[in-house]
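The next block is structure_10.cif, given as mmCIF, N, CA and C atoms.
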```cif
data_start
#
loop_
_atom_site.label_atom_id
_atom_site.label_comp_id
_atom_site.auth_asym_id
_atom_site.auth_seq_id
_atom_site.Cartn_x
_atom_site.Cartn_y
_atom_site.Cartn_z
N MET A 1 204.26 116.50 -3.56
CA MET A 1 205.07 115.27 -3.52
C MET A 1 204.18 114.04 -3.65
N LYS A 2 204.68 113.05 -4.33
CA LYS A 2 203.89 111.83 -4.51
C LYS A 2 203.82 111.03 -3.21
N LYS A 3 202.67 110.49 -2.95
CA LYS A 3 202.49 109.71 -1.72
C LYS A 3 203.24 108.37 -1.81
N GLN A 4 203.91 108.01 -0.72
CA GLN A 4 204.59 106.71 -0.66
C GLN A 4 203.54 105.59 -0.61
N LEU A 5 203.88 104.46 -1.19
CA LEU A 5 202.95 103.32 -1.18
C LEU A 5 202.55 102.94 0.25
N SER A 6 203.53 102.96 1.15
CA SER A 6 203.26 102.53 2.53
C SER A 6 202.33 103.51 3.27
N ASP A 7 202.22 104.74 2.76
CA ASP A 7 201.33 105.73 3.39
C ASP A 7 199.90 105.67 2.84
N MET A 8 199.72 104.90 1.79
CA MET A 8 198.39 104.82 1.19
C MET A 8 197.48 103.90 2.02
N ASN A 9 196.19 104.23 2.05
CA ASN A 9 195.26 103.29 2.67
C ASN A 9 194.89 102.22 1.62
N ASN A 10 194.14 101.22 2.04
CA ASN A 10 193.87 100.09 1.13
C ASN A 10 193.09 100.51 -0.12
N THR A 11 192.20 101.47 0.04
CA THR A 11 191.43 101.95 -1.11
C THR A 11 192.36 102.63 -2.12
N GLU A 12 193.30 103.42 -1.60
CA GLU A 12 194.26 104.09 -2.49
C GLU A 12 195.17 103.07 -3.17
N LEU A 13 195.53 102.01 -2.43
CA LEU A 13 196.37 100.96 -3.02
C LEU A 13 195.63 100.23 -4.14
N ARG A 14 194.35 99.97 -3.93
CA ARG A 14 193.55 99.33 -4.99
C ARG A 14 193.55 100.19 -6.24
N GLN A 15 193.39 101.49 -6.04
CA GLN A 15 193.39 102.43 -7.15
C GLN A 15 194.75 102.43 -7.87
N TYR A 16 195.82 102.40 -7.05
CA TYR A 16 197.18 102.38 -7.59
C TYR A 16 197.41 101.12 -8.41
N LEU A 17 196.97 99.98 -7.89
CA LEU A 17 197.13 98.70 -8.60
C LEU A 17 196.40 98.76 -9.95
N SER A 18 195.23 99.35 -9.92
CA SER A 18 194.43 99.46 -11.13
C SER A 18 195.13 100.33 -12.18
N GLU A 19 195.74 101.40 -11.71
CA GLU A 19 196.42 102.33 -12.63
C GLU A 19 197.77 101.81 -13.12
N HIS A 20 198.38 100.90 -12.36
CA HIS A 20 199.70 100.38 -12.72
C HIS A 20 199.67 98.94 -13.18
N ARG A 21 198.57 98.54 -13.77
CA ARG A 21 198.41 97.13 -14.18
C ARG A 21 199.44 96.73 -15.24
N HIS A 22 199.97 97.72 -15.97
CA HIS A 22 200.95 97.38 -17.02
C HIS A 22 202.40 97.51 -16.55
N ASP A 23 202.58 97.94 -15.32
CA ASP A 23 203.93 98.12 -14.78
C ASP A 23 204.18 97.03 -13.73
N GLU A 24 204.80 95.94 -14.17
CA GLU A 24 204.93 94.75 -13.32
C GLU A 24 205.62 95.04 -11.98
N GLU A 25 206.67 95.84 -12.03
CA GLU A 25 207.43 96.12 -10.81
C GLU A 25 206.63 96.97 -9.82
N ALA A 26 206.03 98.05 -10.32
CA ALA A 26 205.22 98.92 -9.46
C ALA A 26 204.04 98.15 -8.89
N PHE A 27 203.41 97.36 -9.72
CA PHE A 27 202.25 96.57 -9.31
C PHE A 27 202.63 95.62 -8.18
N SER A 28 203.74 94.91 -8.38
CA SER A 28 204.18 93.91 -7.42
C SER A 28 204.51 94.53 -6.06
N GLN A 29 205.15 95.69 -6.09
CA GLN A 29 205.50 96.36 -4.82
C GLN A 29 204.26 96.77 -4.05
N ALA A 30 203.29 97.31 -4.77
CA ALA A 30 202.05 97.74 -4.11
C ALA A 30 201.27 96.54 -3.58
N LEU A 31 201.25 95.46 -4.37
CA LEU A 31 200.52 94.26 -3.94
C LEU A 31 201.15 93.65 -2.69
N GLU A 32 202.47 93.69 -2.62
CA GLU A 32 203.16 93.15 -1.45
C GLU A 32 202.73 93.87 -0.17
N ILE A 33 202.61 95.18 -0.24
CA ILE A 33 202.18 95.97 0.92
C ILE A 33 200.76 95.60 1.32
N LEU A 34 199.92 95.49 0.32
CA LEU A 34 198.52 95.14 0.57
C LEU A 34 198.40 93.75 1.21
N LEU A 35 199.16 92.79 0.69
CA LEU A 35 199.11 91.42 1.23
C LEU A 35 199.64 91.37 2.65
N ASP A 36 200.67 92.16 2.93
CA ASP A 36 201.25 92.20 4.29
C ASP A 36 200.23 92.68 5.33
N ARG A 37 199.31 93.53 4.88
CA ARG A 37 198.33 94.10 5.82
C ARG A 37 197.20 93.14 6.16
N LYS A 38 197.00 92.14 5.33
CA LYS A 38 195.87 91.23 5.53
C LYS A 38 196.28 90.11 6.47
N LYS A 39 195.71 90.12 7.63
CA LYS A 39 196.13 89.15 8.64
C LYS A 39 195.51 87.77 8.44
N ASN A 40 194.25 87.77 8.04
CA ASN A 40 193.55 86.47 7.91
C ASN A 40 193.47 86.01 6.47
N LEU A 41 194.54 86.28 5.73
CA LEU A 41 194.51 85.99 4.30
C LEU A 41 194.47 84.49 4.02
N PHE A 42 193.88 84.16 2.90
CA PHE A 42 193.81 82.79 2.38
C PHE A 42 193.10 81.84 3.34
N LYS A 43 191.84 82.14 3.62
CA LYS A 43 191.11 81.28 4.53
C LYS A 43 190.11 80.35 3.83
N TYR A 44 189.84 80.58 2.56
CA TYR A 44 188.89 79.72 1.87
C TYR A 44 189.62 78.61 1.12
N PRO A 45 189.15 77.37 1.27
CA PRO A 45 189.82 76.24 0.61
C PRO A 45 189.58 76.26 -0.90
N PRO A 46 190.36 75.46 -1.65
CA PRO A 46 190.13 75.36 -3.09
C PRO A 46 188.70 74.91 -3.37
N PRO A 47 188.16 75.29 -4.52
CA PRO A 47 186.75 75.02 -4.84
C PRO A 47 186.34 73.55 -4.71
N SER A 48 187.28 72.63 -4.96
CA SER A 48 186.94 71.21 -4.87
C SER A 48 186.59 70.78 -3.45
N GLN A 49 187.00 71.59 -2.48
CA GLN A 49 186.81 71.20 -1.08
C GLN A 49 185.72 71.99 -0.37
N MET A 50 184.89 72.70 -1.14
CA MET A 50 183.91 73.49 -0.41
C MET A 50 182.55 73.49 -1.07
N ASN A 51 181.61 74.03 -0.34
CA ASN A 51 180.24 74.10 -0.78
C ASN A 51 180.00 75.38 -1.56
N TYR A 52 179.66 75.23 -2.83
CA TYR A 52 179.48 76.41 -3.70
C TYR A 52 178.44 77.38 -3.15
N GLN A 53 177.31 76.80 -2.73
CA GLN A 53 176.20 77.64 -2.28
C GLN A 53 176.59 78.51 -1.09
N GLU A 54 177.37 77.92 -0.22
CA GLU A 54 177.81 78.63 0.98
C GLU A 54 178.64 79.87 0.59
N ILE A 55 179.57 79.66 -0.34
CA ILE A 55 180.43 80.76 -0.79
C ILE A 55 179.60 81.81 -1.53
N GLU A 56 178.69 81.35 -2.37
CA GLU A 56 177.85 82.30 -3.11
C GLU A 56 177.04 83.16 -2.15
N ASN A 57 176.55 82.54 -1.10
CA ASN A 57 175.76 83.29 -0.11
C ASN A 57 176.60 84.35 0.60
N ILE A 58 177.85 84.03 0.89
CA ILE A 58 178.74 85.00 1.54
C ILE A 58 178.96 86.21 0.61
N PHE A 59 179.20 85.92 -0.66
CA PHE A 59 179.38 87.01 -1.64
C PHE A 59 178.12 87.85 -1.74
N LYS A 60 177.00 87.17 -1.85
CA LYS A 60 175.72 87.89 -2.02
C LYS A 60 175.46 88.81 -0.83
N ALA A 61 175.69 88.29 0.37
CA ALA A 61 175.45 89.07 1.58
C ALA A 61 176.32 90.32 1.56
N GLY A 62 177.57 90.16 1.16
CA GLY A 62 178.48 91.30 1.11
C GLY A 62 178.06 92.32 0.07
N LEU A 63 177.64 91.84 -1.08
CA LEU A 63 177.26 92.74 -2.17
C LEU A 63 175.99 93.51 -1.84
N ASN A 64 175.11 92.89 -1.08
CA ASN A 64 173.87 93.57 -0.71
C ASN A 64 174.11 94.71 0.26
N LYS A 65 175.23 94.63 0.98
CA LYS A 65 175.55 95.69 1.95
C LYS A 65 176.06 96.95 1.26
N GLU A 66 176.59 96.81 0.06
CA GLU A 66 177.19 97.95 -0.64
C GLU A 66 176.19 99.04 -0.95
N MET B 67 204.45 80.90 -13.77
CA MET B 67 203.12 80.41 -14.15
C MET B 67 202.28 80.06 -12.92
N PRO B 68 201.00 80.31 -12.98
CA PRO B 68 200.13 79.90 -11.87
C PRO B 68 200.09 78.37 -11.77
N THR B 69 199.85 77.84 -10.58
CA THR B 69 199.74 76.39 -10.40
C THR B 69 198.35 75.93 -10.88
N ASP B 70 198.19 74.62 -11.03
CA ASP B 70 196.89 74.08 -11.45
C ASP B 70 195.80 74.43 -10.43
N GLN B 71 196.15 74.33 -9.15
CA GLN B 71 195.17 74.65 -8.11
C GLN B 71 194.73 76.12 -8.21
N GLN B 72 195.73 76.97 -8.48
CA GLN B 72 195.45 78.40 -8.61
C GLN B 72 194.51 78.66 -9.81
N LYS B 73 194.76 77.95 -10.89
CA LYS B 73 193.91 78.11 -12.08
C LYS B 73 192.49 77.65 -11.80
N ASP B 74 192.36 76.51 -11.11
CA ASP B 74 191.02 76.00 -10.78
C ASP B 74 190.25 77.02 -9.95
N THR B 75 190.92 77.59 -8.96
CA THR B 75 190.25 78.57 -8.11
C THR B 75 189.88 79.81 -8.92
N ALA B 76 190.79 80.24 -9.80
CA ALA B 76 190.52 81.44 -10.61
C ALA B 76 189.27 81.24 -11.47
N ILE B 77 189.16 80.07 -12.08
CA ILE B 77 187.97 79.80 -12.92
C ILE B 77 186.71 79.81 -12.05
N PHE B 78 186.81 79.17 -10.90
CA PHE B 78 185.67 79.14 -9.98
C PHE B 78 185.23 80.56 -9.59
N ILE B 79 186.19 81.39 -9.23
CA ILE B 79 185.88 82.76 -8.80
C ILE B 79 185.27 83.57 -9.95
N CYS B 80 185.85 83.44 -11.14
CA CYS B 80 185.32 84.18 -12.28
C CYS B 80 183.89 83.76 -12.59
N GLN B 81 183.63 82.47 -12.49
CA GLN B 81 182.27 81.99 -12.74
C GLN B 81 181.31 82.49 -11.67
N LEU B 82 181.76 82.47 -10.43
CA LEU B 82 180.93 82.96 -9.32
C LEU B 82 180.58 84.44 -9.54
N LEU B 83 181.57 85.24 -9.92
CA LEU B 83 181.33 86.66 -10.16
C LEU B 83 180.35 86.85 -11.32
N SER B 84 180.52 86.04 -12.34
CA SER B 84 179.62 86.12 -13.50
C SER B 84 178.20 85.73 -13.11
N ASN B 85 178.08 84.68 -12.30
CA ASN B 85 176.75 84.26 -11.84
C ASN B 85 176.04 85.39 -11.10
N LEU B 86 176.83 86.21 -10.42
CA LEU B 86 176.26 87.30 -9.62
C LEU B 86 176.22 88.62 -10.41
N TYR B 87 176.48 88.55 -11.70
CA TYR B 87 176.47 89.73 -12.58
C TYR B 87 177.44 90.81 -12.12
N GLN B 88 178.60 90.37 -11.62
CA GLN B 88 179.60 91.34 -11.16
C GLN B 88 180.71 91.50 -12.21
N PRO B 89 181.06 92.73 -12.57
CA PRO B 89 182.14 92.95 -13.53
C PRO B 89 183.50 92.63 -12.91
N ILE B 90 184.43 92.11 -13.73
CA ILE B 90 185.81 91.90 -13.30
C ILE B 90 186.64 93.03 -13.91
N ASN B 91 187.15 93.90 -13.05
CA ASN B 91 187.82 95.11 -13.55
C ASN B 91 189.32 94.96 -13.70
N LEU B 92 189.90 94.07 -12.91
CA LEU B 92 191.35 93.88 -12.96
C LEU B 92 191.66 92.42 -12.66
N PHE B 93 192.49 91.81 -13.50
CA PHE B 93 192.89 90.41 -13.30
C PHE B 93 194.38 90.34 -13.57
N ARG B 94 195.17 89.98 -12.55
CA ARG B 94 196.62 89.95 -12.71
C ARG B 94 197.24 88.75 -11.98
N TYR B 95 198.25 88.15 -12.62
CA TYR B 95 199.08 87.17 -11.92
C TYR B 95 200.41 87.85 -11.63
N ASP B 96 200.77 87.94 -10.36
CA ASP B 96 202.04 88.58 -9.99
C ASP B 96 203.15 87.52 -9.97
N GLN B 97 204.10 87.65 -10.89
CA GLN B 97 205.19 86.67 -11.05
C GLN B 97 206.03 86.53 -9.78
N ARG B 98 206.30 87.67 -9.16
CA ARG B 98 207.21 87.67 -8.01
C ARG B 98 206.52 87.10 -6.76
N LEU B 99 205.28 87.51 -6.53
CA LEU B 99 204.57 87.09 -5.32
C LEU B 99 203.76 85.80 -5.54
N LYS B 100 203.74 85.32 -6.79
CA LYS B 100 203.04 84.08 -7.15
C LYS B 100 201.57 84.11 -6.71
N THR B 101 200.98 85.27 -6.86
CA THR B 101 199.61 85.47 -6.40
C THR B 101 198.73 86.00 -7.53
N ILE B 102 197.51 85.48 -7.61
CA ILE B 102 196.53 86.05 -8.54
C ILE B 102 195.73 87.09 -7.78
N TYR B 103 195.56 88.23 -8.41
CA TYR B 103 194.86 89.35 -7.78
C TYR B 103 193.72 89.81 -8.70
N LEU B 104 192.54 89.94 -8.11
CA LEU B 104 191.37 90.39 -8.88
C LEU B 104 190.67 91.55 -8.19
N LEU B 105 190.30 92.52 -8.97
CA LEU B 105 189.40 93.57 -8.49
C LEU B 105 188.11 93.43 -9.27
N ALA B 106 187.02 93.33 -8.55
CA ALA B 106 185.74 93.08 -9.22
C ALA B 106 184.62 93.89 -8.56
N GLY B 107 183.49 93.82 -9.19
CA GLY B 107 182.31 94.48 -8.64
C GLY B 107 182.24 95.94 -9.06
N ILE B 108 181.06 96.49 -8.90
CA ILE B 108 180.87 97.91 -9.21
C ILE B 108 181.69 98.70 -8.20
N ASN B 109 182.40 99.71 -8.66
CA ASN B 109 183.29 100.52 -7.81
C ASN B 109 184.44 99.71 -7.20
N ASN B 110 184.85 98.63 -7.85
CA ASN B 110 185.95 97.80 -7.33
C ASN B 110 185.72 97.35 -5.88
N GLY B 111 184.48 97.05 -5.56
CA GLY B 111 184.12 96.72 -4.19
C GLY B 111 184.54 95.33 -3.72
N LEU B 112 185.07 94.52 -4.62
CA LEU B 112 185.48 93.16 -4.26
C LEU B 112 186.94 92.96 -4.62
N GLU B 113 187.73 92.55 -3.63
CA GLU B 113 189.15 92.30 -3.88
C GLU B 113 189.42 90.83 -3.55
N ILE B 114 189.94 90.10 -4.54
CA ILE B 114 190.14 88.66 -4.36
C ILE B 114 191.60 88.31 -4.61
N THR B 115 192.16 87.48 -3.73
CA THR B 115 193.55 87.03 -3.90
C THR B 115 193.57 85.50 -3.85
N ILE B 116 194.41 84.89 -4.68
CA ILE B 116 194.50 83.43 -4.76
C ILE B 116 195.97 83.03 -4.67
N ASN B 117 196.32 82.19 -3.69
CA ASN B 117 197.73 81.78 -3.56
C ASN B 117 198.03 80.52 -4.36
N GLN B 118 199.26 80.04 -4.27
CA GLN B 118 199.71 78.92 -5.10
C GLN B 118 198.99 77.62 -4.80
N ALA B 119 198.51 77.48 -3.55
CA ALA B 119 197.81 76.25 -3.17
C ALA B 119 196.34 76.29 -3.61
N GLY B 120 195.94 77.40 -4.23
CA GLY B 120 194.55 77.53 -4.66
C GLY B 120 193.65 78.01 -3.53
N ILE B 121 194.27 78.30 -2.39
CA ILE B 121 193.51 78.86 -1.27
C ILE B 121 193.33 80.35 -1.54
N TRP B 122 192.15 80.84 -1.20
CA TRP B 122 191.84 82.20 -1.63
C TRP B 122 191.14 83.00 -0.54
N ASP B 123 191.02 84.27 -0.78
CA ASP B 123 190.34 85.13 0.17
C ASP B 123 189.73 86.30 -0.60
N PHE B 124 188.75 86.91 0.02
CA PHE B 124 188.21 88.11 -0.60
C PHE B 124 187.86 89.13 0.46
N GLU B 125 187.89 90.36 0.06
CA GLU B 125 187.56 91.44 0.97
C GLU B 125 186.58 92.37 0.28
N LEU B 126 185.56 92.78 1.01
CA LEU B 126 184.56 93.67 0.43
C LEU B 126 184.91 95.11 0.68
#
```

Rewrite the structure of this file - the entire thing - as structure tokens.
Amino acid sequence: MKKQLSDMNNTELRQYLSEHRHDEEAFSQALEILLDRKKNLFKYPPPSQMNYQEIENIFKAGLNKE
Amino acid sequence: MPTDQQKDTAIFICQLLSNLYQPINLFRYDQRLKTIYLLAGINNGLEITINQAGIWDFEL
């Protein structure tokens, strides 16, 4: 049986989104579930209001951990 | 359609990823949720979302 979207973990949802990029409805449903799970979503201000170097450093630090 | 703020943030993010030599594997604007969604990095290790106000977030 196919796994329900709500039963997928975030990694599986990312994979699902990637595979359903051409199916607008399926994509949107999966994205909604993923967005609902993120509690601290949308914390970075628009680029005009922030320090580029600071953001770049955050990305770099994360990428180095991979 | 994405808002101007959303577009500005999207360009900023794409440039940032390019500066760091990170591939962008998936780029989508969701009409219903009015959200831009990006999967980037080797092994899709970076997930970025941008809302209508141009406010954004990323998860590693």

Practice problem: Can you give me, as a list in words, the residues this file yields under the PyMOL selection byres ((chain B) within 6 of (chain A))? | Solution: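 Applied to this file, the PyMOL selection byres ((chain B) within 6 of (chain A)) returns Thr75, Gly120, Ile121, Trp122 and Asp123 of chain B.
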
Exercise. Fewer than 2 positions away in the same chain doesn't count, so skip those; otherwise give me all residues within 12 Å of Gln4 (chain A), counting only C-alpha atoms, as a PyMOL selection string.
Key: chain A and resi 1-2+6-9+12-13+16+26+29-30+33

Exercise. Please report, as a list in words, each residue of chain B to which DSSP assigns strand (DSSP E) when run on this structure's backbone.
Key: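 Result set for chain B (strand (DSSP E)): Ile90, Asn91, Leu92, Phe93, Arg94, Tyr95, Asp96, Thr101, Ile102, Tyr103, Leu104, Leu105, Ala106, Leu112, Glu113, Ile114, Thr115, Ile116, Trp122, Asp123, Phe124 and Glu125 of chain B.
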
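For the pair CA of Ile102 (chain B) and CA of Asp70 (chain B), the interatomic distance is 12.3 Å.
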
Produce the centre coordinates and the three edge lengths, each in Å to one decimal, of the box along x, y and z that contains all listed atoms of region 41-48 of chain A with 4 Å added on each side, as lines of an AutoDock Vina configuration file.
```
center_x = 190.4
center_y = 78.5
center_z = 0.4
size_x = 16.2
size_y = 23.5
size_z = 18.7
```

Exercise. Please indicate the distance in Å from atom C of Glu54 (chain A) to atom N of Pro68 (chain B), rounded to one decimal place.
Key: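 Straight-line distance from atom C of Glu54 (chain A) to atom N of Pro68 (chain B) works out to 26.2 Å.
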
Pick out each residue of chain B that DSSP on the backbone tags as helix (DSSP H, G or I); I need them as a JSON list (two decimals) with N, CA and C atoms, keeping the file's coordinate frame.
```json
[["chain", "number", "residue", "atom", "x", "y", "z"],
["B", 70, "ASP", "N", 198.19, 74.62, -11.03],
["B", 70, "ASP", "CA", 196.89, 74.08, -11.45],
["B", 70, "ASP", "C", 195.80, 74.43, -10.43],
["B", 71, "GLN", "N", 196.15, 74.33, -9.15],
["B", 71, "GLN", "CA", 195.17, 74.65, -8.11],
["B", 71, "GLN", "C", 194.73, 76.12, -8.21],
["B", 72, "GLN", "N", 195.73, 76.97, -8.48],
["B", 72, "GLN", "CA", 195.45, 78.40, -8.61],
["B", 72, "GLN", "C", 194.51, 78.66, -9.81],
["B", 73, "LYS", "N", 194.76, 77.95, -10.89],
["B", 73, "LYS", "CA", 193.91, 78.11, -12.08],
["B", 73, "LYS", "C", 192.49, 77.65, -11.80],
["B", 74, "ASP", "N", 192.36, 76.51, -11.11],
["B", 74, "ASP", "CA", 191.02, 76.00, -10.78],
["B", 74, "ASP", "C", 190.25, 77.02, -9.95],
["B", 75, "THR", "N", 190.92, 77.59, -8.96],
["B", 75, "THR", "CA", 190.25, 78.57, -8.11],
["B", 75, "THR", "C", 189.88, 79.81, -8.92],
["B", 76, "ALA", "N", 190.79, 80.24, -9.80],
["B", 76, "ALA", "CA", 190.52, 81.44, -10.61],
["B", 76, "ALA", "C", 189.27, 81.24, -11.47],
["B", 77, "ILE", "N", 189.16, 80.07, -12.08],
["B", 77, "ILE", "CA", 187.97, 79.80, -12.92],
["B", 77, "ILE", "C", 186.71, 79.81, -12.05],
["B", 78, "PHE", "N", 186.81, 79.17, -10.90],
["B", 78, "PHE", "CA", 185.67, 79.14, -9.98],
["B", 78, "PHE", "C", 185.23, 80.56, -9.59],
["B", 79, "ILE", "N", 186.19, 81.39, -9.23],
["B", 79, "ILE", "CA", 185.88, 82.76, -8.80],
["B", 79, "ILE", "C", 185.27, 83.57, -9.95],
["B", 80, "CYS", "N", 185.85, 83.44, -11.14],
["B", 80, "CYS", "CA", 185.32, 84.18, -12.28],
["B", 80, "CYS", "C", 183.89, 83.76, -12.59],
["B", 81, "GLN", "N", 183.63, 82.47, -12.49],
["B", 81, "GLN", "CA", 182.27, 81.99, -12.74],
["B", 81, "GLN", "C", 181.31, 82.49, -11.67],
["B", 82, "LEU", "N", 181.76, 82.47, -10.43],
["B", 82, "LEU", "CA", 180.93, 82.96, -9.32],
["B", 82, "LEU", "C", 180.58, 84.44, -9.54],
["B", 83, "LEU", "N", 181.57, 85.24, -9.92],
["B", 83, "LEU", "CA", 181.33, 86.66, -10.16],
["B", 83, "LEU", "C", 180.35, 86.85, -11.32],
["B", 84, "SER", "N", 180.52, 86.04, -12.34],
["B", 84, "SER", "CA", 179.62, 86.12, -13.50],
["B", 84, "SER", "C", 178.20, 85.73, -13.11],
["B", 85, "ASN", "N", 178.08, 84.68, -12.30],
["B", 85, "ASN", "CA", 176.75, 84.26, -11.84],
["B", 85, "ASN", "C", 176.04, 85.39, -11.10],
["B", 108, "ILE", "N", 181.06, 96.49, -8.90],
["B", 108, "ILE", "CA", 180.87, 97.91, -9.21],
["B", 108, "ILE", "C", 181.69, 98.70, -8.20],
["B", 109, "ASN", "N", 182.40, 99.71, -8.66],
["B", 109, "ASN", "CA", 183.29, 100.52, -7.81],
["B", 109, "ASN", "C", 184.44, 99.71, -7.20],
["B", 110, "ASN", "N", 184.85, 98.63, -7.85],
["B", 110, "ASN", "CA", 185.95, 97.80, -7.33],
["B", 110, "ASN", "C", 185.72, 97.35, -5.88]]
```

Exercise. Measure the distance from atom C of Gln118 (chain B) to atom N of Lys39 (chain A) in Å and round it to one decimal.
Key: 17.9 Å

Quiz prompt | Arg94 (chain B) environment, 9 Å, only C-alpha atoms, sequence neighbours closer than 2 positions dropped, as an MDAnalysis selection string | solution = (chainID A and resid 21) or (chainID B and resid 92 96 101:104)

Write to file, as an mmCIF file, in the frame of the given file, the residues of the selection just made, with N, CA and C atoms.
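part00.cif, written as the output of this step:
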```
data_model
loop_
_atom_site.group_PDB
_atom_site.id
_atom_site.type_symbol
_atom_site.label_atom_id
_atom_site.label_comp_id
_atom_site.auth_asym_id
_atom_site.auth_seq_id
_atom_site.Cartn_x
_atom_site.Cartn_y
_atom_site.Cartn_z
ATOM 1 N N ARG A 21 198.570 98.540 -13.770
ATOM 2 C CA ARG A 21 198.410 97.130 -14.180
ATOM 3 C C ARG A 21 199.440 96.730 -15.240
ATOM 4 N N LEU B 92 189.900 94.070 -12.910
ATOM 5 C CA LEU B 92 191.350 93.880 -12.960
ATOM 6 C C LEU B 92 191.660 92.420 -12.660
ATOM 7 N N ASP B 96 200.770 87.940 -10.360
ATOM 8 C CA ASP B 96 202.040 88.580 -9.990
ATOM 9 C C ASP B 96 203.150 87.520 -9.970
ATOM 10 N N THR B 101 200.980 85.270 -6.860
ATOM 11 C CA THR B 101 199.610 85.470 -6.400
ATOM 12 C C THR B 101 198.730 86.000 -7.530
ATOM 13 N N ILE B 102 197.510 85.480 -7.610
ATOM 14 C CA ILE B 102 196.530 86.050 -8.540
ATOM 15 C C ILE B 102 195.730 87.090 -7.780
ATOM 16 N N TYR B 103 195.560 88.230 -8.410
ATOM 17 C CA TYR B 103 194.860 89.350 -7.780
ATOM 18 C C TYR B 103 193.720 89.810 -8.700
ATOM 19 N N LEU B 104 192.540 89.940 -8.110
ATOM 20 C CA LEU B 104 191.370 90.390 -8.880
ATOM 21 C C LEU B 104 190.670 91.550 -8.190
#
```

Quiz prompt | Residue among A:Asn51, A:His20, A:Ala61, A:Asn10 lying closest to Leu34 (chain A), counting only N, CA and C atoms | solution =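 Of the candidates, the smallest distance to Leu34 (chain A) is held by A:Asn10.
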
Quiz item: Can you list what the PyMOL selection byres (((chain B and resi 85 and name CA) around 12) and name CA) grabs from this structure, as number ranges by chain?
Solution: A: 52-53, 56-57, 59-60; B: 78-84, 86-90
